>>> print(open('run-v7.pdb').read())   # PDB, C-alpha atoms and all ligand atoms
MODEL        1
ATOM      1  CA  MET A 216       7.524 -14.124   6.895
ATOM      2  CA  LEU A 217       7.952 -10.362   6.798
ATOM      3  CA  LEU A 218       4.371  -9.648   7.888
ATOM      4  CA  GLU A 219       1.936 -12.000   9.593
ATOM      5  CA  VAL A 220      -1.575 -10.878  10.430
ATOM      6  CA  GLU A 221      -3.627 -13.367  12.389
ATOM      7  CA  ASP A 222      -7.332 -13.159  13.074
ATOM      8  CA  LEU A 223      -7.430  -9.354  12.928
ATOM      9  CA  THR A 224     -10.679  -7.644  13.905
ATOM     10  CA  VAL A 225     -11.249  -3.897  13.483
ATOM     11  CA  ALA A 226     -14.391  -2.091  14.661
ATOM     12  CA  TYR A 227     -15.518   1.521  14.741
ATOM     13  CA  GLY A 228     -17.950   1.588  17.664
ATOM     14  CA  ASP A 229     -20.623  -0.921  16.705
ATOM     15  CA  ILE A 230     -19.496  -1.121  13.093
ATOM     16  CA  ARG A 231     -17.277  -4.124  12.440
ATOM     17  CA  ALA A 232     -15.098  -3.343   9.434
ATOM     18  CA  LEU A 233     -12.858  -6.427   9.621
ATOM     19  CA  SER A 234     -13.711  -9.813  11.163
ATOM     20  CA  GLY A 235     -10.878 -12.208  11.898
ATOM     21  CA  VAL A 236      -8.740 -11.667   8.819
ATOM     22  CA  SER A 237      -5.415 -13.509   8.476
ATOM     23  CA  LEU A 238      -2.736 -12.685   5.945
ATOM     24  CA  ALA A 239       0.975 -13.206   5.406
ATOM     25  CA  LEU A 240       3.605 -11.672   3.189
ATOM     26  CA  ALA A 241       7.102 -13.070   2.612
ATOM     27  CA  PRO A 242      10.118 -10.810   2.031
ATOM     28  CA  GLY A 243      10.176  -9.670  -1.615
ATOM     29  CA  GLU A 244       6.535 -10.520  -2.289
ATOM     30  CA  LEU A 245       3.945  -8.305  -3.970
ATOM     31  CA  VAL A 246       0.537  -9.280  -2.590
ATOM     32  CA  SER A 247      -2.840  -7.794  -3.550
ATOM     33  CA  VAL A 248      -5.872  -7.306  -1.342
ATOM     34  CA  LEU A 249      -9.001  -6.971  -3.477
ATOM     35  CA  GLY A 250     -12.574  -6.177  -2.561
ATOM     36  CA  ALA A 251     -15.507  -3.899  -3.308
ATOM     37  CA  ASN A 252     -16.212  -0.525  -1.643
ATOM     38  CA  GLY A 253     -16.582  -0.994   2.087
ATOM     39  CA  ALA A 254     -15.059  -4.501   2.094
ATOM     40  CA  GLY A 255     -12.534  -3.465   4.763
ATOM     41  CA  LYS A 256      -9.384  -2.945   2.688
ATOM     42  CA  THR A 257      -8.397   0.418   4.161
ATOM     43  CA  SER A 258      -9.323  -0.793   7.642
ATOM     44  CA  LEU A 259      -6.907  -3.716   7.184
ATOM     45  CA  LEU A 260      -4.007  -1.393   6.313
ATOM     46  CA  MET A 261      -4.917   1.021   9.118
ATOM     47  CA  GLY A 262      -5.136  -1.895  11.558
ATOM     48  CA  ILE A 263      -1.658  -3.079  10.538
ATOM     49  CA  LEU A 264      -0.348   0.455  11.118
ATOM     50  CA  GLY A 265      -2.211   0.845  14.409
ATOM     51  CA  LEU A 266      -4.285   3.809  13.241
ATOM     52  CA  VAL A 267      -7.736   2.328  13.934
ATOM     53  CA  PRO A 268      -9.198   0.454  16.921
ATOM     54  CA  VAL A 269      -8.118  -3.200  16.743
ATOM     55  CA  ARG A 270     -10.455  -5.449  18.727
ATOM     56  CA  GLY A 271      -8.543  -8.681  18.387
ATOM     57  CA  GLY A 272      -5.803 -10.553  16.600
ATOM     58  CA  ARG A 273      -2.036 -10.501  16.294
ATOM     59  CA  ILE A 274       0.382  -8.665  13.995
ATOM     60  CA  ARG A 275       3.989  -9.781  13.592
ATOM     61  CA  PHE A 276       6.457  -7.758  11.560
ATOM     62  CA  ARG A 277      10.063  -8.869  11.000
ATOM     63  CA  GLY A 278       9.582 -11.505  13.665
ATOM     64  CA  ALA A 279       8.383  -9.129  16.402
ATOM     65  CA  ASP A 280       4.891  -8.737  17.808
ATOM     66  CA  ILE A 281       3.961  -5.128  16.949
ATOM     67  CA  GLY A 282       0.241  -5.333  17.743
ATOM     68  CA  ARG A 283       0.564  -3.187  20.854
ATOM     69  CA  LEU A 284       3.046  -0.635  19.570
ATOM     70  CA  PRO A 285       1.959   2.946  18.787
ATOM     71  CA  PRO A 286       1.812   3.788  15.052
ATOM     72  CA  TRP A 287       5.104   5.703  14.997
ATOM     73  CA  ARG A 288       7.016   2.709  16.359
ATOM     74  CA  ARG A 289       5.466   0.441  13.723
ATOM     75  CA  ALA A 290       6.543   2.930  11.054
ATOM     76  CA  ARG A 291      10.023   3.084  12.540
ATOM     77  CA  ALA A 292      10.181  -0.721  12.442
ATOM     78  CA  GLY A 293      10.104  -0.343   8.638
ATOM     79  CA  MET A 294       6.620   0.041   7.192
ATOM     80  CA  ARG A 295       5.307   2.985   5.192
ATOM     81  CA  LEU A 296       1.855   3.778   3.791
ATOM     82  CA  VAL A 297       0.902   5.430   0.532
ATOM     83  CA  PRO A 298      -2.595   6.479   1.618
ATOM     84  CA  GLU A 299      -5.780   6.573  -0.426
ATOM     85  CA  ARG A 300      -5.819   9.857  -2.425
ATOM     86  CA  ALA A 301      -2.236  10.545  -1.369
ATOM     87  CA  ARG A 302      -1.405  14.209  -1.710
ATOM     88  CA  VAL A 303       1.906  15.826  -2.486
ATOM     89  CA  PHE A 304       2.814  19.346  -1.354
ATOM     90  CA  PRO A 305       1.917  21.325  -4.512
ATOM     91  CA  ARG A 306       4.140  24.364  -3.919
ATOM     92  CA  LEU A 307       7.187  22.409  -2.820
ATOM     93  CA  THR A 308       9.494  21.116  -5.492
ATOM     94  CA  VAL A 309       9.738  17.433  -6.360
ATOM     95  CA  ALA A 310      13.017  17.192  -4.403
ATOM     96  CA  GLU A 311      11.509  18.984  -1.372
ATOM     97  CA  ASN A 312       8.523  16.620  -1.438
ATOM     98  CA  LEU A 313      10.920  13.684  -1.408
ATOM     99  CA  LYS A 314      12.933  15.124   1.476
ATOM    100  CA  ALA A 315       9.683  15.423   3.454
ATOM    101  CA  GLY A 316       9.619  11.600   3.483
ATOM    102  CA  ARG A 317      12.953  11.169   5.263
ATOM    103  CA  TRP A 318      11.494  10.665   8.750
ATOM    104  CA  GLY A 319      13.039   7.581  10.327
ATOM    105  CA  LEU A 320      16.308   7.803   8.401
ATOM    106  CA  GLY A 321      18.161   9.595  11.169
ATOM    107  CA  ARG A 322      20.428  12.594  10.774
ATOM    108  CA  ASN A 323      23.302  10.963   8.960
ATOM    109  CA  GLY A 324      22.723  12.568   5.580
ATOM    110  CA  ARG A 325      21.557   9.414   3.846
ATOM    111  CA  ALA A 326      18.407  11.315   2.807
ATOM    112  CA  GLU A 327      20.263  13.122  -0.003
ATOM    113  CA  GLU A 328      21.539   9.812  -1.301
ATOM    114  CA  ARG A 329      18.087   8.199  -1.140
ATOM    115  CA  VAL A 330      16.481  11.161  -2.932
ATOM    116  CA  ARG A 331      19.052  10.851  -5.732
ATOM    117  CA  HIS A 332      18.463   7.104  -5.956
ATOM    118  CA  LEU A 333      14.672   7.591  -6.120
ATOM    119  CA  LEU A 334      14.955  10.259  -8.811
ATOM    120  CA  ASP A 335      16.856   7.622 -10.798
ATOM    121  CA  LEU A 336      14.239   4.957 -10.143
ATOM    122  CA  PHE A 337      11.307   7.105 -11.303
ATOM    123  CA  PRO A 338      11.900   8.273 -14.872
ATOM    124  CA  VAL A 339       9.009  10.791 -14.720
ATOM    125  CA  LEU A 340      10.615  12.550 -11.737
ATOM    126  CA  ARG A 341      14.131  12.588 -13.126
ATOM    127  CA  GLY A 342      15.157  15.995 -14.402
ATOM    128  CA  ARG A 343      12.249  17.632 -12.599
ATOM    129  CA  ALA A 344      13.695  17.782  -9.088
ATOM    130  CA  SER A 345      13.437  21.572  -8.829
ATOM    131  CA  GLN A 346       9.990  21.853 -10.415
ATOM    132  CA  PRO A 347       6.951  22.535  -8.152
ATOM    133  CA  ALA A 348       4.974  19.317  -7.595
ATOM    134  CA  ALA A 349       1.805  21.097  -8.795
ATOM    135  CA  THR A 350       3.240  21.063 -12.324
ATOM    136  CA  LEU A 351       3.215  17.237 -12.435
ATOM    137  CA  SER A 352       0.266  15.331 -13.915
ATOM    138  CA  GLY A 353      -2.016  13.294 -11.623
ATOM    139  CA  GLY A 354      -0.207  10.058 -12.431
ATOM    140  CA  GLU A 355       3.177  11.668 -11.891
ATOM    141  CA  GLN A 356       2.027  13.059  -8.530
ATOM    142  CA  GLN A 357       0.992   9.526  -7.513
ATOM    143  CA  GLN A 358       4.459   8.310  -8.436
ATOM    144  CA  LEU A 359       5.938  11.145  -6.361
ATOM    145  CA  ALA A 360       3.772  10.039  -3.406
ATOM    146  CA  ILE A 361       5.123   6.486  -3.805
ATOM    147  CA  ALA A 362       8.702   7.749  -4.089
ATOM    148  CA  ARG A 363       8.250   9.915  -0.976
ATOM    149  CA  ALA A 364       7.137   6.850   0.993
ATOM    150  CA  LEU A 365      10.343   5.086  -0.099
ATOM    151  CA  VAL A 366      12.841   7.738   1.030
ATOM    152  CA  SER A 367      13.090   6.133   4.466
ATOM    153  CA  ASP A 368      13.954   2.810   2.762
ATOM    154  CA  PRO A 369      11.069   0.806   4.306
ATOM    155  CA  ALA A 370      11.046  -3.004   4.355
ATOM    156  CA  LEU A 371       7.328  -3.011   3.520
ATOM    157  CA  LEU A 372       5.259  -0.595   1.449
ATOM    158  CA  LEU A 373       1.508  -0.513   2.074
ATOM    159  CA  VAL A 374      -0.350   0.995  -0.875
ATOM    160  CA  ASP A 375      -4.027   2.010  -0.733
ATOM    161  CA  GLU A 376      -5.844   2.314  -4.089
ATOM    162  CA  VAL A 377      -3.086   4.187  -5.819
ATOM    163  CA  SER A 378      -4.802   3.958  -9.222
ATOM    164  CA  MET A 379      -8.021   5.595  -8.076
ATOM    165  CA  GLY A 380      -9.078   8.543 -10.234
ATOM    166  CA  LEU A 381      -6.368   7.947 -12.816
ATOM    167  CA  MET A 382      -7.199   7.216 -16.433
ATOM    168  CA  PRO A 383      -6.183   3.670 -17.465
ATOM    169  CA  LYS A 384      -2.957   4.657 -19.198
ATOM    170  CA  LEU A 385      -1.687   6.604 -16.166
ATOM    171  CA  ALA A 386      -2.851   3.850 -13.799
ATOM    172  CA  ASP A 387      -0.868   1.349 -15.872
ATOM    173  CA  GLU A 388       2.249   3.490 -15.463
ATOM    174  CA  VAL A 389       1.832   3.484 -11.693
ATOM    175  CA  PHE A 390       1.364  -0.317 -11.631
ATOM    176  CA  GLU A 391       4.441  -0.686 -13.836
ATOM    177  CA  VAL A 392       6.456   1.367 -11.320
ATOM    178  CA  LEU A 393       5.274  -0.856  -8.446
ATOM    179  CA  ALA A 394       6.118  -4.008 -10.431
ATOM    180  CA  ARG A 395       9.587  -2.662 -11.156
ATOM    181  CA  LEU A 396      10.234  -1.719  -7.519
ATOM    182  CA  ASN A 397       9.215  -5.252  -6.544
ATOM    183  CA  ARG A 398      11.268  -7.004  -9.240
ATOM    184  CA  GLN A 399      14.398  -4.877  -9.322
ATOM    185  CA  GLU A 400      14.653  -3.510  -5.786
ATOM    186  CA  GLY A 401      13.123  -6.557  -4.094
ATOM    187  CA  LEU A 402      10.662  -4.241  -2.334
ATOM    188  CA  SER A 403       7.869  -6.034  -0.438
ATOM    189  CA  ILE A 404       4.478  -4.516  -1.260
ATOM    190  CA  LEU A 405       0.969  -5.014   0.098
ATOM    191  CA  LEU A 406      -1.282  -3.524  -2.543
ATOM    192  CA  VAL A 407      -4.918  -2.705  -1.828
ATOM    193  CA  GLU A 408      -6.907  -2.247  -5.023
ATOM    194  CA  GLN A 409     -10.303  -2.272  -6.685
ATOM    195  CA  ASN A 410      -8.627  -2.545 -10.069
ATOM    196  CA  ALA A 411      -8.369  -6.331  -9.824
ATOM    197  CA  ALA A 412      -7.072  -7.124 -13.309
ATOM    198  CA  ALA A 413      -4.198  -4.645 -13.178
ATOM    199  CA  SER A 414      -3.111  -5.478  -9.640
ATOM    200  CA  LEU A 415      -3.308  -9.261 -10.177
ATOM    201  CA  ALA A 416      -1.149  -8.890 -13.267
ATOM    202  CA  ILE A 417       1.768  -7.719 -11.105
ATOM    203  CA  SER A 418       1.030  -9.747  -7.924
ATOM    204  CA  GLN A 419       2.311 -13.131  -6.882
ATOM    205  CA  ARG A 420      -0.552 -13.784  -4.458
ATOM    206  CA  ALA A 421      -3.875 -12.226  -3.543
ATOM    207  CA  TYR A 422      -6.556 -12.047  -0.873
ATOM    208  CA  VAL A 423     -10.182 -11.095  -1.461
ATOM    209  CA  LEU A 424     -12.243  -9.398   1.237
ATOM    210  CA  GLU A 425     -16.036  -9.374   1.355
ATOM    211  CA  THR A 426     -17.803  -7.364   4.078
ATOM    212  CA  GLY A 427     -14.812  -7.615   6.367
ATOM    213  CA  ALA A 428     -14.047 -11.314   5.899
ATOM    214  CA  CYS A 429     -11.462 -13.060   3.748
ATOM    215  CA  VAL A 430     -13.161 -15.162   1.032
ATOM    216  CA  PHE A 431     -10.089 -16.067  -1.019
ATOM    217  CA  ALA A 432      -6.394 -16.532  -0.340
ATOM    218  CA  GLY A 433      -4.109 -17.949  -2.986
ATOM    219  CA  SER A 434      -1.943 -17.345  -5.999
ATOM    220  CA  ALA A 435      -2.848 -14.538  -8.388
ATOM    221  CA  SER A 436      -3.091 -17.042 -11.242
ATOM    222  CA  ARG A 437      -5.529 -19.251  -9.312
ATOM    223  CA  LEU A 438      -7.732 -16.215  -8.609
ATOM    224  CA  ARG A 439      -7.676 -15.266 -12.272
ATOM    225  CA  GLU A 440      -8.975 -18.776 -13.096
ATOM    226  CA  ASP A 441     -11.633 -19.082 -10.364
ATOM    227  CA  PRO A 442     -14.993 -18.738 -12.203
ATOM    228  CA  ARG A 443     -16.958 -17.294  -9.275
ATOM    229  CA  LEU A 444     -14.298 -14.790  -8.233
ATOM    230  CA  LYS A 445     -13.595 -13.972 -11.850
ATOM    231  CA  ALA A 446     -17.240 -13.045 -12.336
ATOM    232  CA  ALA A 447     -17.293 -10.946  -9.180
ATOM    233  CA  TYR A 448     -13.959  -9.164  -9.459
ATOM    234  CA  LEU A 449     -12.674  -9.329 -12.978
ATOM    235  CA  GLY A 450     -15.920  -8.612 -14.809
ATOM    236  CA  ALA A 451     -15.676 -11.809 -16.840
TER
HETATM  237  N1  LIG A 501     -13.994   5.935  10.710
HETATM  238  C1  LIG A 501     -15.025   5.103  10.496
HETATM  239  N2  LIG A 501     -16.105   5.139  11.294
HETATM  240  C2  LIG A 501     -17.148   4.284  11.098
HETATM  241  N3  LIG A 501     -17.175   3.349  10.128
HETATM  242  C3  LIG A 501     -16.141   3.266   9.303
HETATM  243  C4  LIG A 501     -15.000   4.144   9.441
HETATM  244  N4  LIG A 501     -14.111   3.825   8.465
HETATM  245  C5  LIG A 501     -14.670   2.819   7.767
HETATM  246  N5  LIG A 501     -15.881   2.479   8.274
HETATM  247  C6  LIG A 501     -16.761   1.395   7.790
HETATM  248  O1  LIG A 501     -16.014   0.189   7.792
HETATM  249  C7  LIG A 501     -16.294  -0.590   6.640
HETATM  250  C8  LIG A 501     -15.009  -0.855   5.871
HETATM  251  O2  LIG A 501     -14.497   0.383   5.382
HETATM  252  P1  LIG A 501     -13.099   0.504   4.627
HETATM  253  O3  LIG A 501     -12.837   1.925   4.431
HETATM  254  O4  LIG A 501     -12.098  -0.303   5.341
HETATM  255  O5  LIG A 501     -13.446  -0.218   3.234
HETATM  256  P2  LIG A 501     -12.626  -0.220   1.874
HETATM  257  O6  LIG A 501     -12.597  -1.645   1.425
HETATM  258  O7  LIG A 501     -11.338   0.468   2.038
HETATM  259  O8  LIG A 501     -13.587   0.608   0.896
HETATM  260  P3  LIG A 501     -13.197   1.568  -0.342
HETATM  261  O9  LIG A 501     -12.911   0.647  -1.497
HETATM  262  O10 LIG A 501     -14.472   2.348  -0.580
HETATM  263  O11 LIG A 501     -12.042   2.415   0.051
HETATM  264  C9  LIG A 501     -17.339   0.195   5.853
HETATM  265  O12 LIG A 501     -18.602  -0.314   6.191
HETATM  266  C10 LIG A 501     -17.170   1.608   6.356
HETATM  267  O13 LIG A 501     -18.374   2.321   6.269
HETATM  268 MG    MG A 502     -10.480   2.130   1.157
ENDMDL
END
>>> encode(input="run-v7.pdb", output="structure tokens", more="lines below")
Ligand SMILES: Nc1ncnc2c1ncn2[C@@H]1O[C@H](COP(=O)(O)OP(=O)(O)OP(=O)(O)O)[C@@H](O)[C@H]1O
Ligand SMILES: [Mg+2]
Amino acid sequence: MLLEVEDLTVAYGDIRALSGVSLALAPGELVSVLGANGAGKTSLLMGILGLVPVRGGRIRFRGADIGRLPPWRRARAGMRLVPERARVFPRLTVAENLKAGRWGLGRNGRAEERVRHLLDLFPVLRGRASQPAATLSGGEQQQLAIARALVSDPALLLVDEVSMGLMPKLADEVFEVLARLNRQEGLSILLVEQNAAASLAISQRAYVLETGACVFAGSASRLREDPRLKAAYLGA
């Protein structure tokens, strides 16, 4: 397994956001974490990254126990987050925004190469490298935020509600980009979403959180067919 989370508990003072959640992700997998507002999705990602108080549980990444490492060492081990409402630097160009993501690559000049590769991978960014990021549409800025997180060539991309605030057509484009990165580049992705239908369509497996606890773990197709979960999460 690339990532193994076992019995993870996250609490903010007296407020328990996550209660004993376990999850695993194999190399090359795209896995969704679904759940309503306040279910604990962001807390799960932040717990994995070490950015919120973890009260219990274990986190293994690439075979090593990272549960006690500071956030920057977890990032350096090869995980990157595209945060909720990810922002790009509006006055910097697309290329400058991408270069801002090179932390962890070292000083050997590979950043230029990665930026070129990413401009190739994202058709909407291609040809716009020297344009200010503010001139991109909302959906294109989200794609730039994803591309920026990939400059350091992470083994695992954590994505928090990347479709939020986008109209369906633009959200679909972002999901298509994630699916392509997973299929063609073999990128491992843990995708947190409220848009269950769209994220399940590109996921191999899924977990569902309800008030901080895991209520479903299984294949995306099984979740799509589960009558109770379908009613709750897919509006059917
Ligand atoms: N910094 C914080 N301090 C106190 N409580 C918090 C904090 N962050 C989150 N919580 C609480 O923890 C619970 C889980 O929140 P979390 O943000 O993880 O949910 P979420 O599933 O990401 O929700 P959303 O879909 O709205 O982003 C909620 O009850 C929330 O109010
Ligand atoms: Mg959230």
>>> closest_residue(input="run-v7.pdb", among="A:Gln409, A:Ser403, A:Ser378, A:Ser434", to="Arg277 (chain A)", atoms="only C-alpha atoms")
A:Ser403
>>> residues_near_ligand(input="run-v7.pdb", ligand="ligand MG 502 (chain A)", cutoff="8 Å", atoms="all atoms listed in the file", output="MDAnalysis selection string")
chainID A and resid 252:253 255:258 299 375:376 407
>>> residues_around(input="run-v7.pdb", residues="region 354-356 of chain A", least_positions_apart="4", cutoff="9 Å", atoms="all atoms listed in the file", output="short mmCIF file (atom, residue, chain, number, x, y, z; two decimals) with C-alpha atoms, in the coordinates of the input")
data_model
loop_
_atom_site.label_atom_id
_atom_site.label_comp_id
_atom_site.auth_asym_id
_atom_site.auth_seq_id
_atom_site.Cartn_x
_atom_site.Cartn_y
_atom_site.Cartn_z
CA ALA A 301 -2.24 10.54 -1.37
CA ARG A 302 -1.40 14.21 -1.71
CA VAL A 303 1.91 15.83 -2.49
CA VAL A 339 9.01 10.79 -14.72
CA LEU A 340 10.62 12.55 -11.74
CA ALA A 348 4.97 19.32 -7.60
CA ALA A 349 1.80 21.10 -8.80
CA THR A 350 3.24 21.06 -12.32
CA ALA A 360 3.77 10.04 -3.41
CA ILE A 361 5.12 6.49 -3.80
CA SER A 378 -4.80 3.96 -9.22
CA LEU A 381 -6.37 7.95 -12.82
CA MET A 382 -7.20 7.22 -16.43
CA LEU A 385 -1.69 6.60 -16.17
CA ALA A 386 -2.85 3.85 -13.80
CA GLU A 388 2.25 3.49 -15.46
CA VAL A 389 1.83 3.48 -11.69
#
>>> residues_around(input="run-v7.pdb", residues="Ser418 (chain A)", least_positions_apart="2", cutoff="10 Å", atoms="all atoms listed in the file", output="PyMOL selection string")
chain A and resi 244-248+393-394+397+404-406+413-416+420-421+434-436
>>> axis_aligned_box(input="run-v7.pdb", around="ligand LIG 501 (chain A)", padding_each_side="8 Å", output="AutoDock Vina command-line options")
--center_x -15.0 --center_y 2.1 --center_z 4.9 --size_x 23.3 --size_y 23.6 --size_z 28.8
>>> resolve_selection(input="run-v7.pdb", expression="the PyMOL selection byres (((chain A and resi 219) around 9) and not hetatm)", output="PDB file with C-alpha atoms, in the frame of the given file")
ATOM      1  CA  MET A 216       7.524 -14.124   6.895  1.00  0.00           C
ATOM      2  CA  LEU A 217       7.952 -10.362   6.798  1.00  0.00           C
ATOM      3  CA  LEU A 218       4.371  -9.648   7.888  1.00  0.00           C
ATOM      4  CA  VAL A 220      -1.575 -10.878  10.430  1.00  0.00           C
ATOM      5  CA  GLU A 221      -3.627 -13.367  12.389  1.00  0.00           C
ATOM      6  CA  SER A 237      -5.415 -13.509   8.476  1.00  0.00           C
ATOM      7  CA  LEU A 238      -2.736 -12.685   5.945  1.00  0.00           C
ATOM      8  CA  ALA A 239       0.975 -13.206   5.406  1.00  0.00           C
ATOM      9  CA  LEU A 240       3.605 -11.672   3.189  1.00  0.00           C
ATOM     10  CA  ALA A 241       7.102 -13.070   2.612  1.00  0.00           C
ATOM     11  CA  ARG A 273      -2.036 -10.501  16.294  1.00  0.00           C
ATOM     12  CA  ILE A 274       0.382  -8.665  13.995  1.00  0.00           C
ATOM     13  CA  ARG A 275       3.989  -9.781  13.592  1.00  0.00           C
ATOM     14  CA  PHE A 276       6.457  -7.758  11.560  1.00  0.00           C
ATOM     15  CA  ARG A 277      10.063  -8.869  11.000  1.00  0.00           C
ATOM     16  CA  GLY A 278       9.582 -11.505  13.665  1.00  0.00           C
TER      17      GLY A 278
END
>>> resolve_selection(input="run-v7.pdb", expression="the PyMOL selection byres (((chain A and resi 329) around 9) and not hetatm)", output="PyMOL selection string")
chain A and resi 317+325-328+330-334+365-368
>>> closest_residue(input="run-v7.pdb", among="A:Ala315, A:Ala447, A:Val309, A:Met379", to="ligand LIG 501 (chain A)", atoms="only C-alpha atoms and all ligand atoms")
A:Met379
>>> atom_distance(input="run-v7.pdb", atom1="CA of Lys384 (chain A)", atom2="CA of Phe337 (chain A)")
16.5 Å
>>> resolve_selection(input="run-v7.pdb", expression="the PyMOL selection byres (((chain A and resi 226-236) around 10) and not hetatm)", output="PDB file with C-alpha atoms, in the coordinates of the input")
ATOM      1  CA  VAL A 220      -1.575 -10.878  10.430  1.00  0.00           C
ATOM      2  CA  GLU A 221      -3.627 -13.367  12.389  1.00  0.00           C
ATOM      3  CA  ASP A 222      -7.332 -13.159  13.074  1.00  0.00           C
ATOM      4  CA  LEU A 223      -7.430  -9.354  12.928  1.00  0.00           C
ATOM      5  CA  THR A 224     -10.679  -7.644  13.905  1.00  0.00           C
ATOM      6  CA  VAL A 225     -11.249  -3.897  13.483  1.00  0.00           C
ATOM      7  CA  SER A 237      -5.415 -13.509   8.476  1.00  0.00           C
ATOM      8  CA  LEU A 238      -2.736 -12.685   5.945  1.00  0.00           C
ATOM      9  CA  GLY A 253     -16.582  -0.994   2.087  1.00  0.00           C
ATOM     10  CA  ALA A 254     -15.059  -4.501   2.094  1.00  0.00           C
ATOM     11  CA  GLY A 255     -12.534  -3.465   4.763  1.00  0.00           C
ATOM     12  CA  LYS A 256      -9.384  -2.945   2.688  1.00  0.00           C
ATOM     13  CA  THR A 257      -8.397   0.418   4.161  1.00  0.00           C
ATOM     14  CA  SER A 258      -9.323  -0.793   7.642  1.00  0.00           C
ATOM     15  CA  LEU A 259      -6.907  -3.716   7.184  1.00  0.00           C
ATOM     16  CA  GLY A 262      -5.136  -1.895  11.558  1.00  0.00           C
ATOM     17  CA  VAL A 267      -7.736   2.328  13.934  1.00  0.00           C
ATOM     18  CA  PRO A 268      -9.198   0.454  16.921  1.00  0.00           C
ATOM     19  CA  VAL A 269      -8.118  -3.200  16.743  1.00  0.00           C
ATOM     20  CA  ARG A 270     -10.455  -5.449  18.727  1.00  0.00           C
ATOM     21  CA  GLY A 271      -8.543  -8.681  18.387  1.00  0.00           C
ATOM     22  CA  GLY A 272      -5.803 -10.553  16.600  1.00  0.00           C
ATOM     23  CA  TYR A 422      -6.556 -12.047  -0.873  1.00  0.00           C
ATOM     24  CA  LEU A 424     -12.243  -9.398   1.237  1.00  0.00           C
ATOM     25  CA  GLU A 425     -16.036  -9.374   1.355  1.00  0.00           C
ATOM     26  CA  THR A 426     -17.803  -7.364   4.078  1.00  0.00           C
ATOM     27  CA  GLY A 427     -14.812  -7.615   6.367  1.00  0.00           C
ATOM     28  CA  ALA A 428     -14.047 -11.314   5.899  1.00  0.00           C
ATOM     29  CA  CYS A 429     -11.462 -13.060   3.748  1.00  0.00           C
ATOM     30  CA  VAL A 430     -13.161 -15.162   1.032  1.00  0.00           C
TER      31      VAL A 430
END
>>> closest_residue(input="run-v7.pdb", among="A:Pro242, A:Pro286, A:Gly353, A:Gly401", to="Gly380 (chain A)", atoms="all atoms listed in the file")
A:Gly353
>>> closest_residue(input="run-v7.pdb", among="A:Glu408, A:Asp441, A:Asp387, A:Asp280", to="ligand LIG 501 (chain A)", atoms="only C-alpha atoms and all ligand atoms")
A:Glu408
>>> closest_residue(input="run-v7.pdb", among="A:Asn410, A:Arg398, A:Ala344, A:Leu320", to="ligand LIG 501 (chain A)", atoms="all atoms listed in the file")
A:Asn410
>>> atom_distance(input="run-v7.pdb", atom1="CA of Asn312 (chain A)", atom2="CA of Arg363 (chain A)")
6.7 Å
>>> atom_distance(input="run-v7.pdb", atom1="CA of Gly282 (chain A)", atom2="CA of Gly265 (chain A)")
7.4 Å
>>> closest_residue(input="run-v7.pdb", among="A:Ala310, A:Leu359, A:Leu372, A:Ile263", to="ligand LIG 501 (chain A)", atoms="all atoms listed in the file")
A:Ile263
